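Source file: query_3.txt. Holds: compact mmCIF, C-alpha atoms and all ligand atoms.
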# COMPACT_ATOMS: atom_id res chain seq x y z
CA MET A 85 -43.49 -47.77 -31.17
CA ASN A 86 -40.19 -48.07 -29.35
CA TRP A 87 -36.76 -47.82 -30.91
CA GLN A 88 -36.36 -51.56 -31.39
CA GLU A 89 -39.82 -52.03 -32.91
CA TYR A 90 -39.12 -49.20 -35.30
CA GLN A 91 -35.76 -50.68 -36.30
CA GLU A 92 -37.43 -54.01 -36.96
CA ALA A 93 -40.19 -52.43 -39.02
CA VAL A 94 -37.58 -50.57 -41.06
CA GLY A 95 -35.70 -53.83 -41.56
CA VAL A 96 -38.86 -55.46 -42.92
CA LEU A 97 -39.32 -52.46 -45.20
CA TYR A 98 -35.82 -52.89 -46.67
CA GLU A 99 -36.62 -56.53 -47.36
CA GLN A 100 -39.78 -55.45 -49.18
CA MET A 101 -37.72 -52.97 -51.20
CA SER A 102 -35.16 -55.59 -52.15
CA GLU A 103 -37.91 -57.66 -53.71
CA PHE A 104 -38.03 -55.29 -56.64
CA GLY A 105 -34.78 -53.47 -56.44
CA ILE A 106 -31.36 -53.30 -54.86
CA VAL A 107 -30.98 -51.76 -51.43
CA ARG A 108 -27.54 -50.36 -50.58
CA LYS A 109 -26.69 -49.08 -47.14
CA ASN A 110 -24.04 -46.63 -45.95
CA ILE A 111 -22.59 -45.79 -49.29
CA THR A 112 -20.95 -42.68 -50.67
CA ILE A 113 -21.96 -41.13 -53.96
CA PRO A 114 -20.01 -38.30 -55.61
CA ASP A 115 -21.78 -34.96 -55.55
CA LYS A 116 -22.77 -34.13 -59.12
CA MET A 117 -21.55 -30.54 -58.74
CA THR A 118 -18.47 -30.74 -56.55
CA GLY A 119 -17.41 -34.34 -57.02
CA GLN A 120 -17.09 -34.62 -53.25
CA ALA A 121 -18.20 -37.91 -51.67
CA ARG A 122 -21.64 -37.64 -50.05
CA GLN A 123 -22.77 -40.03 -47.37
CA VAL A 124 -26.04 -41.80 -48.16
CA ASP A 125 -27.67 -44.00 -45.52
CA VAL A 126 -29.98 -45.97 -47.80
CA TRP A 127 -30.09 -45.99 -51.58
CA TRP A 128 -32.70 -48.00 -53.38
CA GLU A 129 -32.32 -48.81 -57.09
CA MET A 130 -35.77 -49.87 -58.10
CA LYS A 131 -36.72 -51.47 -61.40
CA ILE A 132 -40.12 -51.21 -63.03
CA GLU A 133 -40.30 -52.85 -66.40
CA ASN A 134 -37.24 -51.59 -68.27
CA HIS A 135 -36.86 -48.40 -66.29
CA SER A 136 -34.80 -47.98 -63.20
CA PHE A 137 -35.19 -45.34 -60.55
CA LYS A 138 -32.71 -44.25 -57.94
CA ILE A 139 -34.40 -43.46 -54.68
CA LEU A 140 -32.85 -41.88 -51.63
CA ILE A 141 -34.36 -43.28 -48.44
CA ASP A 142 -34.21 -41.51 -45.10
CA ALA A 143 -35.60 -43.72 -42.35
CA LYS A 144 -33.90 -42.32 -39.28
CA LYS A 145 -35.83 -42.55 -36.05
CA ARG A 146 -36.79 -39.01 -35.14
CA LYS A 147 -37.50 -37.34 -31.84
CA ASP A 148 -39.31 -34.42 -33.46
CA LYS A 149 -41.82 -34.02 -36.23
CA VAL A 150 -40.34 -33.85 -39.72
CA ASP A 151 -40.11 -30.14 -40.57
CA VAL A 152 -39.35 -27.99 -43.61
CA LYS A 153 -35.68 -27.95 -42.67
CA ASP A 154 -35.50 -31.76 -42.75
CA VAL A 155 -37.28 -31.84 -46.10
CA GLU A 156 -34.93 -29.26 -47.60
CA GLU A 157 -31.90 -31.14 -46.34
CA ILE A 158 -33.08 -34.37 -47.98
CA LEU A 159 -34.00 -32.57 -51.19
CA MET A 160 -30.54 -31.02 -51.42
CA LEU A 161 -28.80 -34.33 -50.83
CA ALA A 162 -31.12 -36.15 -53.26
CA ASN A 163 -30.37 -33.55 -55.87
CA ALA A 164 -26.63 -33.64 -55.32
CA VAL A 165 -26.46 -37.41 -55.74
CA ASN A 166 -28.85 -37.42 -58.71
CA ALA A 167 -31.68 -39.36 -57.09
CA ASP A 168 -34.92 -39.62 -59.07
CA LYS A 169 -37.03 -39.70 -55.95
CA ALA A 170 -36.67 -39.47 -52.21
CA ILE A 171 -38.66 -41.04 -49.42
CA ILE A 172 -38.64 -40.02 -45.79
CA VAL A 173 -39.95 -42.78 -43.56
CA THR A 174 -40.66 -41.64 -40.06
CA ASN A 175 -41.83 -42.93 -36.72
CA ASN A 176 -43.03 -39.44 -35.94
CA GLU A 177 -45.47 -37.04 -37.55
CA TRP A 178 -44.64 -34.24 -39.94
CA THR A 179 -45.66 -30.63 -40.12
CA LYS A 180 -48.02 -29.25 -42.75
CA PRO A 181 -45.31 -26.93 -44.17
CA ALA A 182 -43.01 -29.95 -44.50
CA GLU A 183 -45.67 -31.70 -46.57
CA VAL A 184 -46.22 -28.63 -48.74
CA ARG A 185 -42.48 -28.19 -49.25
CA ALA A 186 -42.08 -31.85 -50.24
CA LYS A 187 -44.82 -31.55 -52.87
CA PHE A 188 -43.51 -28.26 -54.24
CA ASP A 189 -40.19 -29.56 -55.44
CA GLY A 190 -39.72 -31.06 -58.91
CA LEU A 191 -38.11 -34.08 -57.35
CA ASP A 192 -40.64 -36.58 -56.08
CA LEU A 193 -40.23 -36.53 -52.32
CA ARG A 194 -42.69 -38.39 -50.16
CA ILE A 195 -43.06 -38.58 -46.43
CA PHE A 196 -44.53 -41.82 -45.10
CA SER A 197 -45.17 -43.23 -41.69
CA ILE A 198 -43.63 -46.65 -41.25
CA ASP A 199 -47.09 -48.25 -41.64
CA GLU A 200 -47.80 -46.35 -44.86
CA ALA A 201 -44.38 -47.26 -46.21
CA SER A 202 -44.85 -50.97 -45.46
CA ASP A 203 -48.22 -50.84 -47.14
CA LEU A 204 -47.07 -48.91 -50.21
CA ILE A 205 -43.63 -50.24 -50.94
CA VAL A 206 -44.86 -53.40 -52.62
CA GLU A 207 -44.37 -54.09 -56.27
CA ASP A 208 -47.98 -53.90 -57.46
CA LYS A 209 -48.42 -50.36 -56.15
CA TRP A 210 -45.64 -48.99 -58.35
CA VAL A 211 -46.24 -48.72 -62.05
CA MET A 212 -44.43 -47.09 -64.93
CA CYS A 213 -46.62 -44.42 -66.55
CA GLN A 214 -47.64 -45.86 -69.89
CA VAL A 215 -48.91 -42.56 -71.22
CA CYS A 216 -45.72 -40.50 -70.97
CA ASN A 217 -43.23 -43.22 -69.99
CA ASP A 218 -41.58 -40.58 -67.88
CA ASP A 219 -42.49 -41.26 -64.30
CA CYS A 220 -43.22 -44.07 -61.94
CA VAL A 221 -46.66 -43.78 -60.38
CA VAL A 222 -47.27 -44.87 -56.80
CA LEU A 223 -50.80 -46.01 -56.00
CA ASP A 224 -50.88 -44.21 -52.69
CA ASN A 225 -54.39 -42.79 -52.81
CA CYS A 226 -57.60 -44.51 -52.06
CA GLY A 227 -61.25 -43.66 -51.88
CA PHE A 228 -64.69 -45.06 -51.28
CA PHE A 229 -67.94 -44.57 -53.11
CA GLU A 230 -71.40 -45.97 -52.80
CA ILE A 231 -73.61 -46.99 -55.69
CA GLN A 232 -76.99 -48.57 -54.94
CA GLY A 233 -76.03 -49.43 -51.41
CA LEU A 234 -72.80 -51.11 -52.42
CA VAL A 235 -69.64 -49.62 -51.04
CA ASN A 236 -66.67 -49.94 -53.31
CA TRP A 237 -63.15 -48.84 -52.75
CA TRP A 238 -60.33 -48.09 -55.07
CA LEU A 239 -56.62 -47.40 -55.05
CA GLY A 240 -55.16 -44.74 -57.25
CA GLY A 241 -52.13 -42.69 -58.08
CA GLN A 242 -51.28 -39.81 -60.35
CA CYS A 243 -48.36 -39.43 -62.74
CA ARG A 244 -46.42 -36.32 -61.77
CA SER A 245 -45.33 -35.81 -65.34
CA CYS A 246 -48.49 -36.06 -67.49
CA LYS A 247 -51.11 -36.03 -64.69
CA SER A 248 -52.76 -39.26 -65.81
CA ILE A 249 -54.53 -41.10 -63.03
CA TYR A 250 -54.12 -44.81 -62.41
CA ILE A 251 -57.06 -46.63 -60.86
CA HIS A 252 -57.21 -50.06 -59.32
CA CYS A 253 -60.88 -50.92 -58.75
CA GLN A 254 -60.95 -53.14 -55.70
CA ASP A 255 -64.37 -54.54 -56.51
CA CYS A 256 -63.48 -56.21 -59.78
CA GLY A 257 -59.70 -56.01 -59.56
CA ASP A 258 -59.48 -54.22 -62.90
CA LYS A 259 -56.87 -51.52 -63.47
CA GLY A 260 -56.96 -48.59 -65.85
CA ILE A 261 -55.88 -45.08 -66.71
CA ILE A 262 -57.97 -41.92 -66.85
CA ASN A 263 -57.04 -38.37 -67.75
CA ASN A 264 -58.60 -35.30 -69.33
CA ASP A 265 -59.07 -37.07 -72.68
CA THR A 266 -59.75 -40.59 -71.59
CA SER A 267 -62.38 -42.25 -69.46
CA TRP A 268 -62.25 -45.89 -68.50
CA THR A 269 -64.77 -48.59 -67.68
CA CYS A 270 -63.79 -51.33 -65.27
CA ASN A 271 -65.26 -54.82 -65.20
CA CYS A 272 -67.93 -53.93 -62.60
CA PRO A 273 -68.81 -52.08 -64.89
CA TYR A 274 -68.28 -48.56 -63.58
CA LEU A 275 -67.34 -45.67 -65.77
CA TRP A 276 -64.46 -43.62 -64.37
CA GLN A 277 -63.83 -40.07 -65.52
CA PHE A 278 -61.51 -37.27 -64.56
CA LYS A 279 -63.28 -33.92 -64.58
CA ASN A 280 -62.52 -30.64 -62.88
CA GLU A 281 -59.57 -32.11 -61.03
CA SER A 282 -61.62 -34.88 -59.49
CA ILE A 283 -62.61 -38.44 -60.21
CA GLU A 284 -66.21 -39.12 -61.19
CA ILE A 285 -67.64 -42.59 -61.13
CA TYR A 286 -70.85 -43.76 -62.83
CA GLN A 287 -72.54 -47.09 -62.90
CA CYS A 288 -73.01 -48.38 -66.44
CA LYS A 289 -76.55 -49.52 -67.06
CA ASN A 290 -75.78 -52.49 -69.22
CA ASP A 291 -73.00 -54.31 -70.93
CA SER A 292 -73.56 -52.68 -74.29
CA GLU A 293 -72.68 -49.36 -72.77
CA ARG A 294 -69.49 -50.90 -71.62
CA GLU A 295 -68.74 -52.20 -75.11
CA VAL A 296 -68.98 -48.67 -76.41
CA GLU A 297 -66.53 -47.48 -73.82
CA PHE A 298 -64.03 -50.18 -74.58
CA SER A 299 -64.13 -49.59 -78.31
CA ASN A 300 -63.26 -45.95 -77.83
CA PRO A 301 -59.87 -45.61 -79.60
CA GLN A 302 -58.77 -43.20 -76.89
CA GLN A 303 -59.35 -45.86 -74.31
CA MET A 304 -56.27 -47.21 -72.69
CA ARG A 305 -55.98 -50.25 -70.58
CA ILE A 306 -52.94 -51.22 -68.69
CA ASP A 307 -51.70 -54.61 -67.74
CA PHE A 308 -50.05 -54.77 -64.39
CA LYS A 309 -48.00 -57.74 -63.47
CA GLU A 310 -50.19 -59.89 -61.29
ZN ZN A 401 -47.32 -39.94 -67.20
ZN ZN A 402 -64.65 -52.40 -61.01

Kindly return the structure encoded in the file as structure tokens.
Amino acid sequence: MNWQEYQEAVGVLYEQMSEFGIVRKNITIPDKMTGQARQVDVWWEMKIENHSFKILIDAKKRKDKVDVKDVEEILMLANAVNADKAIIVTNNEWTKPAEVRAKFDGLDLRIFSIDEASDLIVEDKWVMCQVCNDDCVVLDNCGFFEIQGLVNWWLGGQCRSCKSIYIHCQDCGDKGIINNDTSWTCNCPYLWQFKNESIEIYQCKNDSEREVEFSNPQQMRIDFKE
């Protein structure tokens, strides 16, 4: 991807962002500690339901892989200007330590390639956690499984606050939440459970089994905006 193609892709990304938020470019925000004006290239104020999130975006074209130093720089700036999250979009790769460092911090920092960002920064992949109401979950994971010769795939994301997992079953289009206390049955019907830090999926034998699952008072279903 050359410089111009990257710039264009980033431009498209900002348009996507402005569909569910406000994108501001080249602004200054006072540092929460020193009061000094800090330069921010892109600032995205995103709204999910009644919550708003302030997200620092770094989408500079880079010659080198994103490294720990880059991540720390963004984290410090994001912190100083009170961002809720930060996203590094890059044309280049990133190092493993950079990824580890990004995940380690309390602030939600993600590193995406431009393709990942274009794929993920769409409204229906961002959802407010309905269990803790504390974090916005990004459906940035996906997986495949095979049951009786049928391959199914799903999208999922985890709340950083309460660890609940959001599943979007691509077979039936149903969406639900699972965590240590709650399993969920989609319309397929497959039973989804979270056990030992991983997702387990079972095929339900008949509809009555599904009825039982749905009548479980612990069961939660979520309604995404279609
Ligand atoms: Zn949560
Ligand atoms: Zn399903």

**Asked** Using all atoms listed in the file, which of the listed residues (A:Ile158, A:Arg146, A:Val165, A:Glu281) sits closest to A:Ser197?
**Response** A:Arg146

**Message:** Around ligand ZN 402 (chain A), out to 6 Å and counting all atoms listed in the file, which residues are there? I want them as a PyMOL selection string.
**Reply:** chain A and resi 253+255-256+258+270-274

Output of the above residues as a PDB file, in the frame of the given file, restricted to C-alpha atoms:
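Result file follows (part.pdb):
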ATOM      1  CA  CYS A 253     -60.880 -50.920 -58.750  1.00  0.00           C
ATOM      2  CA  ASP A 255     -64.370 -54.540 -56.510  1.00  0.00           C
ATOM      3  CA  CYS A 256     -63.480 -56.210 -59.780  1.00  0.00           C
ATOM      4  CA  ASP A 258     -59.480 -54.220 -62.900  1.00  0.00           C
ATOM      5  CA  CYS A 270     -63.790 -51.330 -65.270  1.00  0.00           C
ATOM      6  CA  ASN A 271     -65.260 -54.820 -65.200  1.00  0.00           C
ATOM      7  CA  CYS A 272     -67.930 -53.930 -62.600  1.00  0.00           C
ATOM      8  CA  PRO A 273     -68.810 -52.080 -64.890  1.00  0.00           C
ATOM      9  CA  TYR A 274     -68.280 -48.560 -63.580  1.00  0.00           C
TER      10      TYR A 274
END

**Asked** Mind listing the residues within 9 Å of ligand ZN 401 (chain A), all atoms listed in the file counted, as a PyMOL selection string?
**Response** chain A and resi 212-221+242-249

**Complete:** Counting all atoms listed in the file, the residue among A:Glu129, A:Val222, A:Arg108, A:Leu239 that lies closest to A:Val206 is A:Val222

**Item:** Nearest-residue call for A:Gln123, choices A:Glu89, A:Gln254, A:Asp151, A:Ala164, using all atoms listed in the file
**Value:**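 Comparing A:Glu89, A:Gln254, A:Asp151, A:Ala164 against A:Gln123, the winner is A:Ala164.
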
**Request:** Identify which of the residues A:Asn166, A:Ser102, A:Asn280, A:Asn134 lies closest to A:Arg122, counting all atoms listed in the file when measuring atom-to-atom distances.
**Result:**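 Checking each of A:Asn166, A:Ser102, A:Asn280, A:Asn134 against A:Arg122, counting all atoms listed in the file, the winner is A:Asn166.
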
**Item:** Selection: 10 Å around A:Ala93, all atoms listed in the file, excl. self and same-chain fewer than 3 positions, as number ranges by chain
**Value:** A: 85, 87-90, 96-99, 175, 198-199, 201-202

**Prompt:** Which value, in Å to one decimal, gives the distance between atom CA of A:Ile262 and atom CA of A:Asp192?
**Reply:**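 Going from atom CA of A:Ile262 over to atom CA of A:Asp192 covers 21.1 Å.
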
**Item:** For A:Gly227: contacts at 9 Å, all atoms listed in the file, fewer than 4 positions along chain excluded, given as a VMD selection string
**Value:** chain A and resid 236 to 240

**Message:** Please list as a PyMOL selection string every residue within 10 Å of A:Ile172, counting all atoms listed in the file and excluding residues in the same chain fewer than 4 positions away.
**Reply:** chain A and resi 140-144+150+154-155+158+186+193-198+201

**Complete:** Atom pair atom CA of A:Ala182 + atom CA of A:Leu159, distance 11.5 Å

Hey, could you pull the box centre and edge lengths for stretch 97-111 of chain A, axis-aligned, 5 Å padding per side, all listed atoms, to one decimal in Å, as AutoDock Vina command-line options?
--center_x -31.2 --center_y -51.7 --center_z -50.9 --size_x 27.2 --size_y 21.9 --size_z 21.4

**Message:** Excluding A:Lys131 and its own-chain neighbours fewer than 2 positions away, which residues fall within 6 Å of it when counting all atoms listed in the file? Please give them as a VMD selection string.
**Reply:** chain A and resid 105 135 to 136

**Prompt:** Got a sec to check which residues sit within 10 Å of (-43.7, -25.0, -42.4), counting only C-alpha atoms, and write them as a list in words?
**Reply:** Val150, Asp151, Val152, Lys153, Trp178, Thr179, Lys180, Pro181, Ala182, Glu183, Val184 and Arg185 of chain A

**Fill in**
In terms of only C-alpha atoms, the residue from A:Tyr286, A:Trp128, A:Phe188, A:Phe229 at minimal distance from A:Ser267 is A:Tyr286

Stretch 149-163 of chain A rebuilt with N, CA and C atoms, output as a PDB file, in the frame of the given file:
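That gives us out-v3.pdb:
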ATOM      1  N   LYS A 149     -41.103 -33.950 -34.952  1.00  0.00           N
ATOM      2  CA  LYS A 149     -41.820 -34.020 -36.230  1.00  0.00           C
ATOM      3  C   LYS A 149     -40.889 -33.639 -37.371  1.00  0.00           C
ATOM      4  N   VAL A 150     -41.101 -34.236 -38.543  1.00  0.00           N
ATOM      5  CA  VAL A 150     -40.340 -33.850 -39.720  1.00  0.00           C
ATOM      6  C   VAL A 150     -40.778 -32.425 -40.102  1.00  0.00           C
ATOM      7  N   ASP A 151     -39.803 -31.544 -40.276  1.00  0.00           N
ATOM      8  CA  ASP A 151     -40.110 -30.140 -40.570  1.00  0.00           C
ATOM      9  C   ASP A 151     -39.527 -29.731 -41.926  1.00  0.00           C
ATOM     10  N   VAL A 152     -39.833 -28.509 -42.324  1.00  0.00           N
ATOM     11  CA  VAL A 152     -39.350 -27.990 -43.610  1.00  0.00           C
ATOM     12  C   VAL A 152     -37.833 -28.150 -43.740  1.00  0.00           C
ATOM     13  N   LYS A 153     -37.138 -27.883 -42.645  1.00  0.00           N
ATOM     14  CA  LYS A 153     -35.680 -27.950 -42.670  1.00  0.00           C
ATOM     15  C   LYS A 153     -35.209 -29.358 -43.028  1.00  0.00           C
ATOM     16  N   ASP A 154     -35.855 -30.370 -42.451  1.00  0.00           N
ATOM     17  CA  ASP A 154     -35.500 -31.760 -42.750  1.00  0.00           C
ATOM     18  C   ASP A 154     -35.746 -32.062 -44.229  1.00  0.00           C
ATOM     19  N   VAL A 155     -36.908 -31.590 -44.697  1.00  0.00           N
ATOM     20  CA  VAL A 155     -37.280 -31.840 -46.100  1.00  0.00           C
ATOM     21  C   VAL A 155     -36.262 -31.198 -47.026  1.00  0.00           C
ATOM     22  N   GLU A 156     -35.887 -29.957 -46.719  1.00  0.00           N
ATOM     23  CA  GLU A 156     -34.930 -29.260 -47.600  1.00  0.00           C
ATOM     24  C   GLU A 156     -33.573 -29.946 -47.599  1.00  0.00           C
ATOM     25  N   GLU A 157     -33.172 -30.435 -46.441  1.00  0.00           N
ATOM     26  CA  GLU A 157     -31.900 -31.140 -46.340  1.00  0.00           C
ATOM     27  C   GLU A 157     -31.895 -32.386 -47.240  1.00  0.00           C
ATOM     28  N   ILE A 158     -32.974 -33.154 -47.171  1.00  0.00           N
ATOM     29  CA  ILE A 158     -33.080 -34.370 -47.980  1.00  0.00           C
ATOM     30  C   ILE A 158     -33.138 -34.020 -49.464  1.00  0.00           C
ATOM     31  N   LEU A 159     -33.886 -32.978 -49.787  1.00  0.00           N
ATOM     32  CA  LEU A 159     -34.000 -32.570 -51.190  1.00  0.00           C
ATOM     33  C   LEU A 159     -32.630 -32.187 -51.751  1.00  0.00           C
ATOM     34  N   MET A 160     -31.854 -31.449 -50.957  1.00  0.00           N
ATOM     35  CA  MET A 160     -30.540 -31.020 -51.420  1.00  0.00           C
ATOM     36  C   MET A 160     -29.613 -32.207 -51.644  1.00  0.00           C
ATOM     37  N   LEU A 161     -29.648 -33.137 -50.694  1.00  0.00           N
ATOM     38  CA  LEU A 161     -28.800 -34.330 -50.830  1.00  0.00           C
ATOM     39  C   LEU A 161     -29.251 -35.165 -52.040  1.00  0.00           C
ATOM     40  N   ALA A 162     -30.571 -35.345 -52.157  1.00  0.00           N
ATOM     41  CA  ALA A 162     -31.120 -36.150 -53.260  1.00  0.00           C
ATOM     42  C   ALA A 162     -30.710 -35.559 -54.603  1.00  0.00           C
ATOM     43  N   ASN A 163     -30.763 -34.252 -54.675  1.00  0.00           N
ATOM     44  CA  ASN A 163     -30.370 -33.550 -55.870  1.00  0.00           C
ATOM     45  C   ASN A 163     -28.888 -33.722 -56.185  1.00  0.00           C
TER      46      ASN A 163
END
